[in-house]
file start.cif (mmCIF, C-alpha atoms)
data_query
#
loop_
_atom_site.label_atom_id
_atom_site.label_comp_id
_atom_site.auth_asym_id
_atom_site.auth_seq_id
_atom_site.Cartn_x
_atom_site.Cartn_y
_atom_site.Cartn_z
CA MET A 1495 0.00 0.00 0.00
CA ASP A 1496 1.47 3.34 -1.07
CA GLY A 1497 1.30 6.32 1.24
CA ASN A 1498 1.04 6.42 4.98
CA PRO A 1499 -1.93 4.63 6.53
CA GLN A 1500 -3.05 6.06 9.83
CA VAL A 1501 -3.97 3.98 12.82
CA VAL A 1502 -6.67 4.71 15.39
CA LEU A 1503 -6.63 2.62 18.55
CA PHE A 1504 -9.51 2.49 21.03
CA ASP A 1505 -8.94 1.87 24.72
CA ILE A 1506 -11.72 -0.59 25.53
CA GLY A 1507 -11.40 -0.13 29.30
CA THR A 1508 -12.18 3.59 29.19
CA ALA A 1509 -15.67 2.81 27.86
CA SER A 1510 -16.58 -0.12 30.10
CA TRP A 1511 -18.94 2.13 32.10
CA LYS A 1512 -21.11 2.27 28.98
CA LEU A 1513 -21.36 -1.49 28.52
CA SER A 1514 -24.82 -2.03 29.98
CA GLU A 1515 -26.35 0.88 28.11
CA TRP A 1516 -24.83 -0.27 24.81
CA LYS A 1517 -25.89 -3.87 25.30
CA GLN A 1518 -29.42 -2.61 25.90
CA GLN A 1519 -29.33 -0.54 22.72
CA LEU A 1520 -28.09 -3.56 20.77
CA TRP A 1521 -30.97 -5.64 22.11
CA ASP A 1522 -33.60 -2.95 21.57
CA LYS A 1523 -32.54 -2.06 18.03
CA ALA A 1524 -31.16 -5.31 16.62
CA ASN A 1525 -32.43 -8.07 18.92
CA ILE A 1526 -28.88 -9.15 19.54
CA GLY A 1527 -28.33 -10.46 23.05
CA ILE A 1528 -24.85 -10.59 24.58
CA PRO A 1529 -24.14 -13.32 27.16
CA HIS A 1530 -23.61 -11.91 30.63
CA GLY A 1531 -19.99 -11.94 31.70
CA ASP A 1532 -18.58 -13.05 28.35
CA MET A 1533 -15.48 -10.87 28.20
CA GLU A 1534 -14.82 -11.43 24.53
CA CYS A 1535 -18.35 -10.47 23.56
CA ASN A 1536 -18.36 -7.51 25.95
CA ASP A 1537 -15.15 -6.20 24.44
CA SER A 1538 -16.53 -6.59 20.94
CA VAL A 1539 -19.62 -4.57 21.90
CA ILE A 1540 -17.49 -1.75 23.29
CA PHE A 1541 -15.11 -1.84 20.33
CA GLY A 1542 -18.03 -1.85 17.90
CA PHE A 1543 -19.69 1.15 19.51
CA LEU A 1544 -16.43 3.12 19.65
CA THR A 1545 -15.60 2.41 16.01
CA ALA A 1546 -19.11 3.21 14.81
CA MET A 1547 -19.20 6.43 16.83
CA PHE A 1548 -15.81 7.39 15.45
CA ILE A 1549 -16.85 6.71 11.86
CA ALA A 1550 -20.09 8.65 12.36
CA GLU A 1551 -18.17 11.62 13.75
CA PHE A 1552 -15.62 11.30 10.95
CA ARG A 1553 -18.40 11.29 8.35
CA HIS A 1554 -19.84 14.43 9.89
CA ALA A 1555 -16.47 16.20 10.03
CA ALA A 1556 -15.60 15.14 6.48
CA ASN A 1557 -18.75 16.87 5.22
CA ASP A 1558 -17.41 20.23 6.38
CA TYR A 1559 -13.85 19.51 5.28
CA SER A 1560 -14.29 19.54 1.52
CA SER A 1561 -16.72 20.87 -1.02
CA LEU A 1562 -16.88 17.41 -2.56
CA PRO A 1563 -19.05 14.78 -0.90
CA PRO A 1564 -16.88 12.28 1.00
CA HIS A 1565 -16.79 8.68 -0.20
CA ILE A 1566 -16.17 6.44 2.79
CA VAL A 1567 -15.91 2.68 2.97
CA ALA A 1568 -15.82 0.86 6.29
CA HIS A 1569 -14.34 -2.61 5.82
CA VAL A 1570 -14.94 -4.79 8.84
CA HIS A 1571 -13.22 -8.10 9.45
CA GLU A 1572 -14.60 -10.94 11.53
CA TRP A 1573 -17.42 -10.98 14.07
CA LEU A 1574 -15.30 -9.39 16.79
CA ALA A 1575 -15.45 -6.13 14.84
CA GLY A 1576 -18.88 -6.75 13.31
CA ILE A 1577 -20.94 -4.84 15.90
CA GLY A 1578 -19.58 -1.62 14.42
CA LEU A 1579 -20.95 -2.47 10.99
CA ILE A 1580 -24.38 -3.32 12.41
CA LEU A 1581 -24.47 0.00 14.29
CA LEU A 1582 -23.50 2.01 11.21
CA ARG A 1583 -26.52 0.54 9.46
CA LEU A 1584 -28.83 0.98 12.46
CA TRP A 1585 -27.81 4.62 12.83
CA ASN A 1586 -28.08 5.21 9.07
CA VAL A 1587 -24.55 6.57 8.83
CA ASP A 1588 -23.89 7.38 5.18
CA VAL A 1589 -20.88 5.13 4.55
CA ALA A 1590 -20.47 2.00 2.46
CA THR A 1591 -19.88 -1.15 4.48
CA VAL A 1592 -18.02 -4.35 3.67
CA PHE A 1593 -17.84 -7.39 5.91
CA THR A 1594 -15.20 -10.04 5.42
CA THR A 1595 -14.98 -13.20 7.40
CA HIS A 1596 -11.85 -15.33 7.25
CA ALA A 1597 -11.19 -19.03 7.43
CA THR A 1598 -14.69 -20.10 8.40
CA LEU A 1599 -15.50 -23.69 9.11
CA LEU A 1600 -17.67 -23.92 5.99
CA GLY A 1601 -14.93 -22.41 3.83
CA ARG A 1602 -12.36 -24.80 5.21
CA PHE A 1603 -14.74 -27.68 4.76
CA LEU A 1604 -15.47 -26.87 1.12
CA CYS A 1605 -11.84 -26.13 0.26
CA ALA A 1606 -10.71 -29.38 1.80
CA GLY A 1607 -13.27 -31.14 -0.40
CA ALA A 1608 -11.47 -29.94 -3.57
CA THR A 1609 -14.52 -28.01 -4.77
CA ASP A 1610 -12.45 -25.27 -6.49
CA PHE A 1611 -14.07 -22.97 -3.95
CA TYR A 1612 -13.31 -19.52 -5.35
CA ASN A 1613 -14.40 -20.36 -8.91
CA ASN A 1614 -17.67 -21.82 -7.68
CA LEU A 1615 -18.70 -19.33 -5.01
CA GLU A 1616 -21.96 -18.41 -6.73
CA LYS A 1617 -22.98 -22.06 -6.84
CA VAL A 1618 -22.57 -22.59 -3.11
CA ALA A 1619 -26.13 -22.55 -1.81
CA HIS A 1620 -26.91 -21.72 1.80
CA GLY A 1621 -27.17 -25.07 3.49
CA ASP A 1622 -24.56 -26.84 1.41
CA GLY A 1623 -22.27 -28.68 3.70
CA MET A 1624 -24.50 -28.05 6.70
CA ASN A 1625 -25.47 -31.67 7.03
CA SER A 1626 -21.88 -32.78 7.01
CA ALA A 1627 -20.68 -30.09 9.40
CA PRO A 1628 -23.38 -29.89 12.04
CA ALA A 1629 -21.15 -28.47 14.75
CA SER A 1630 -20.54 -25.29 12.80
CA SER A 1631 -24.09 -23.99 12.56
CA ASN A 1632 -23.27 -20.69 14.30
CA THR A 1633 -20.53 -19.86 11.85
CA LEU A 1634 -22.43 -20.95 8.78
CA SER A 1635 -25.20 -18.43 9.30
CA PHE A 1636 -22.74 -15.68 8.47
CA GLU A 1637 -22.01 -17.10 5.05
CA VAL A 1638 -23.76 -16.68 1.66
CA MET B 1281 -4.58 5.53 -1.54
CA GLY B 1282 -2.52 4.84 1.55
CA ASP B 1283 -2.91 8.40 2.77
CA ASN B 1284 -6.65 7.91 2.78
CA TYR B 1285 -6.51 4.55 4.50
CA CYS B 1286 -7.11 4.21 8.19
CA LEU B 1287 -6.82 1.12 10.37
CA PHE B 1288 -8.81 0.64 13.59
CA GLY B 1289 -7.93 -1.66 16.44
CA PRO B 1290 -8.01 -2.08 20.20
CA TYR B 1291 -5.36 -0.26 22.21
CA LYS B 1292 -2.90 -2.59 23.91
CA GLU B 1293 -0.41 -0.65 25.94
CA TYR B 1294 2.46 -3.11 25.62
CA TYR B 1295 2.35 -3.28 21.83
CA ALA B 1296 1.49 0.37 21.33
CA ARG B 1297 4.61 1.32 23.27
CA GLN B 1298 6.76 -0.86 21.06
CA GLU B 1299 5.28 -0.62 17.62
CA VAL B 1300 3.71 2.72 16.93
CA GLU B 1301 4.47 6.36 17.36
CA LEU B 1302 1.76 8.15 19.30
CA GLY B 1303 0.70 11.59 18.21
CA ASP B 1304 -2.19 13.61 16.93
CA PHE B 1305 -3.14 14.26 13.33
CA PRO B 1306 -3.15 17.81 11.91
CA ALA B 1307 -5.67 20.05 13.67
CA GLY B 1308 -8.91 20.25 11.75
CA SER B 1309 -8.44 16.95 9.91
CA PRO B 1310 -11.67 14.95 10.11
CA LEU B 1311 -9.85 12.09 11.85
CA GLN B 1312 -8.61 14.46 14.54
CA VAL B 1313 -12.04 16.03 14.93
CA ALA B 1314 -13.64 12.60 15.36
CA ALA B 1315 -11.01 11.58 17.92
CA ASN B 1316 -11.56 14.77 19.90
CA ARG B 1317 -15.32 14.24 19.98
CA LEU B 1318 -14.87 10.75 21.46
CA ARG B 1319 -12.26 11.99 23.95
CA GLU B 1320 -14.69 14.69 25.12
CA GLN B 1321 -17.03 11.85 26.11
CA GLY B 1322 -14.30 10.21 28.16
CA PHE B 1323 -13.19 7.47 25.77
CA GLY B 1324 -9.54 6.68 25.16
CA VAL B 1325 -8.57 7.19 21.53
CA THR B 1326 -4.96 6.89 20.42
CA LEU B 1327 -3.81 8.13 17.04
CA THR B 1328 -0.66 6.62 15.64
CA PHE B 1329 1.73 6.49 12.76
CA PRO B 1330 3.09 2.96 12.64
CA PHE B 1331 5.55 3.24 9.80
CA THR B 1332 7.46 6.33 10.84
CA LEU B 1333 8.45 4.65 14.08
CA THR B 1334 9.27 1.49 12.19
CA LEU B 1335 11.77 3.34 10.07
CA LYS B 1336 13.35 4.94 13.14
CA LEU B 1337 13.52 1.58 14.87
CA LYS B 1338 15.03 -0.05 11.83
CA LYS B 1339 17.71 2.58 11.71
CA SER B 1340 18.56 2.34 15.39
CA LEU B 1341 18.50 -1.46 15.48
CA VAL B 1342 20.52 -1.87 12.29
CA GLU B 1343 23.07 0.57 13.65
CA GLY B 1344 23.13 -1.48 16.82
CA GLY B 1345 23.81 -4.69 14.88
CA MET B 1346 20.44 -6.20 15.80
CA ARG B 1347 18.89 -6.50 12.39
CA LYS B 1348 18.18 -10.22 12.57
CA SER B 1349 16.27 -9.90 15.80
CA LEU B 1350 14.01 -7.16 14.46
CA THR B 1351 10.47 -8.50 14.44
CA ILE B 1352 8.53 -5.29 14.04
CA GLY B 1353 7.23 -4.91 10.53
CA GLY B 1354 6.78 -2.06 8.15
CA ARG B 1355 6.71 -1.12 4.52
CA GLY B 1356 10.03 -1.44 2.74
CA LEU B 1357 11.58 -3.64 5.39
CA GLY B 1358 11.94 -6.69 3.19
CA GLU B 1359 11.19 -9.80 5.16
CA MET B 1360 9.04 -8.06 7.74
CA ARG B 1361 5.29 -7.72 7.73
CA PRO B 1362 3.47 -4.49 8.58
CA LEU B 1363 2.03 -4.49 12.07
CA ALA B 1364 1.50 -8.23 11.96
CA ARG B 1365 2.82 -9.05 15.39
CA GLY B 1366 0.73 -6.60 17.38
CA ARG B 1367 -2.46 -7.32 15.54
CA GLU B 1368 -2.15 -11.08 15.76
CA SER B 1369 -1.11 -11.08 19.35
CA SER B 1370 -4.03 -8.91 20.34
CA GLY B 1371 -6.31 -11.51 18.83
CA ARG B 1372 -8.57 -8.79 17.51
CA ALA B 1373 -7.35 -7.76 14.12
CA LEU B 1374 -9.72 -5.34 12.48
#

call {"tool": "encode", "arguments": {"input": "start.cif", "output": "structure tokens"}}
result
Amino acid sequence: MDGNPQVVLFDIGTASWKLSEWKQQLWDKANIGIPHGDMECNDSVIFGFLTAMFIAEFRHAANDYSSLPPHIVAHVHEWLAGIGLILLRLWNVDVATVFTTHATLLGRFLCAGATDFYNNLEKVAHGDGMNSAPASSNTLSFEV
Amino acid sequence: MGDNYCLFGPYKEYYARQEVELGDFPAGSPLQVAANRLREQGFGVTLTFPFTLTLKLKKSLVEGGMRKSLTIGGRGLGEMRPLARGRESSGRAL
């Protein structure tokens, strides 16, 4: 990548006092429940809210920065960061969103089966492989 | 493209100390404005420039004869990968 990418890091601990309120908002607006006391999920909620708030503020500031309308893409990787994408949609923030998940169980399963996965993506129907990989039902719902 | 590319991640003090240079963006830049708005609400937001520090580190470590032990990545450093260690170790690459 040419140029100098910038990095923004969010201190999860400084927003832990907001956790309950944000979990409630996630439940009220998206019907997503977060298990009580699950540290990994709690952190992902906080991280998601901070990133979505940052992007919303950035979108707002970018409007005033240039006479041209800003074109912004938020590319989110994996479920741990996915809350931010959901919030951007719930809050109707005017940015494009992309979600990429990596090395899922279904993907591994299909690749291992010599299906020429990437040249046959459009032929993979939701449900393919489900019967043979029952333990992965949580992960599979993200695919297709 | 790279100048308009921004990576987000969780702040981990240990890795941030080692791998990035902390500092604010130019006043008035939308990234800086957004960071200030979150800070006003009490949230910790750290703005960094990973590659400038990498180049400084490379220089100091090479001068110190430690090139082979350098594990911190950055653009133009040959065998090294940008930011890979911190992001993988945190377990929460974004």

call {"tool": "resolve_selection", "arguments": {"input": "start.cif", "expression": "the PyMOL selection byres ((chain B) within 6 of (chain A))", "output": "PyMOL selection string"}}
result
chain B and resi 1282-1283+1285-1291+1310-1311+1314+1323-1329+1374

call {"tool": "atom_distance", "arguments": {"input": "start.cif", "atom1": "CA of His1596 in chain A", "atom2": "CA of Tyr1612 in chain A"}}
result
13.4 Å

call {"tool": "closest_residue", "arguments": {"input": "start.cif", "among": "A:Leu1520, A:Val1592, A:Leu1599, A:Val1587", "to": "Gly1542 in chain A", "atoms": "only C-alpha atoms"}}
result
A:Leu1520

call {"tool": "resolve_selection", "arguments": {"input": "start.cif", "expression": "the PyMOL selection byres ((chain A and resi 1581) around 9)", "output": "PyMOL selection string"}}
result
chain A and resi 1520+1524+1542-1543+1546-1547+1576-1580+1582-1587

call {"tool": "write_last_selection", "arguments": {"input": "start.cif", "atoms": "C-alpha atoms", "output": "compact mmCIF listing (two decimals), in the coordinates of the input"}}
result
# COMPACT_ATOMS: atom_id res chain seq x y z
CA LEU A 1520 -28.09 -3.56 20.77
CA ALA A 1524 -31.16 -5.31 16.62
CA GLY A 1542 -18.03 -1.85 17.90
CA PHE A 1543 -19.69 1.15 19.51
CA ALA A 1546 -19.11 3.21 14.81
CA MET A 1547 -19.20 6.43 16.83
CA GLY A 1576 -18.88 -6.75 13.31
CA ILE A 1577 -20.94 -4.84 15.90
CA GLY A 1578 -19.58 -1.62 14.42
CA LEU A 1579 -20.95 -2.47 10.99
CA ILE A 1580 -24.38 -3.32 12.41
CA LEU A 1582 -23.50 2.01 11.21
CA ARG A 1583 -26.52 0.54 9.46
CA LEU A 1584 -28.83 0.98 12.46
CA TRP A 1585 -27.81 4.62 12.83
CA ASN A 1586 -28.08 5.21 9.07
CA VAL A 1587 -24.55 6.57 8.83

call {"tool": "atom_distance", "arguments": {"input": "start.cif", "atom1": "CA of Thr1595 in chain A", "atom2": "CA of Glu1293 in chain B"}}
result
26.7 Å

call {"tool": "atom_distance", "arguments": {"input": "start.cif", "atom1": "CA of Val1589 in chain A", "atom2": "CA of His1565 in chain A"}}
result
7.2 Å

call {"tool": "axis_aligned_box", "arguments": {"input": "start.cif", "around": "range 1513-1532 of chain A", "padding_each_side": "4 Å", "output": "AutoDock Vina command-line options"}}
result
--center_x -26.1 --center_y -6.2 --center_z 24.2 --size_x 23.0 --size_y 22.2 --size_z 23.1
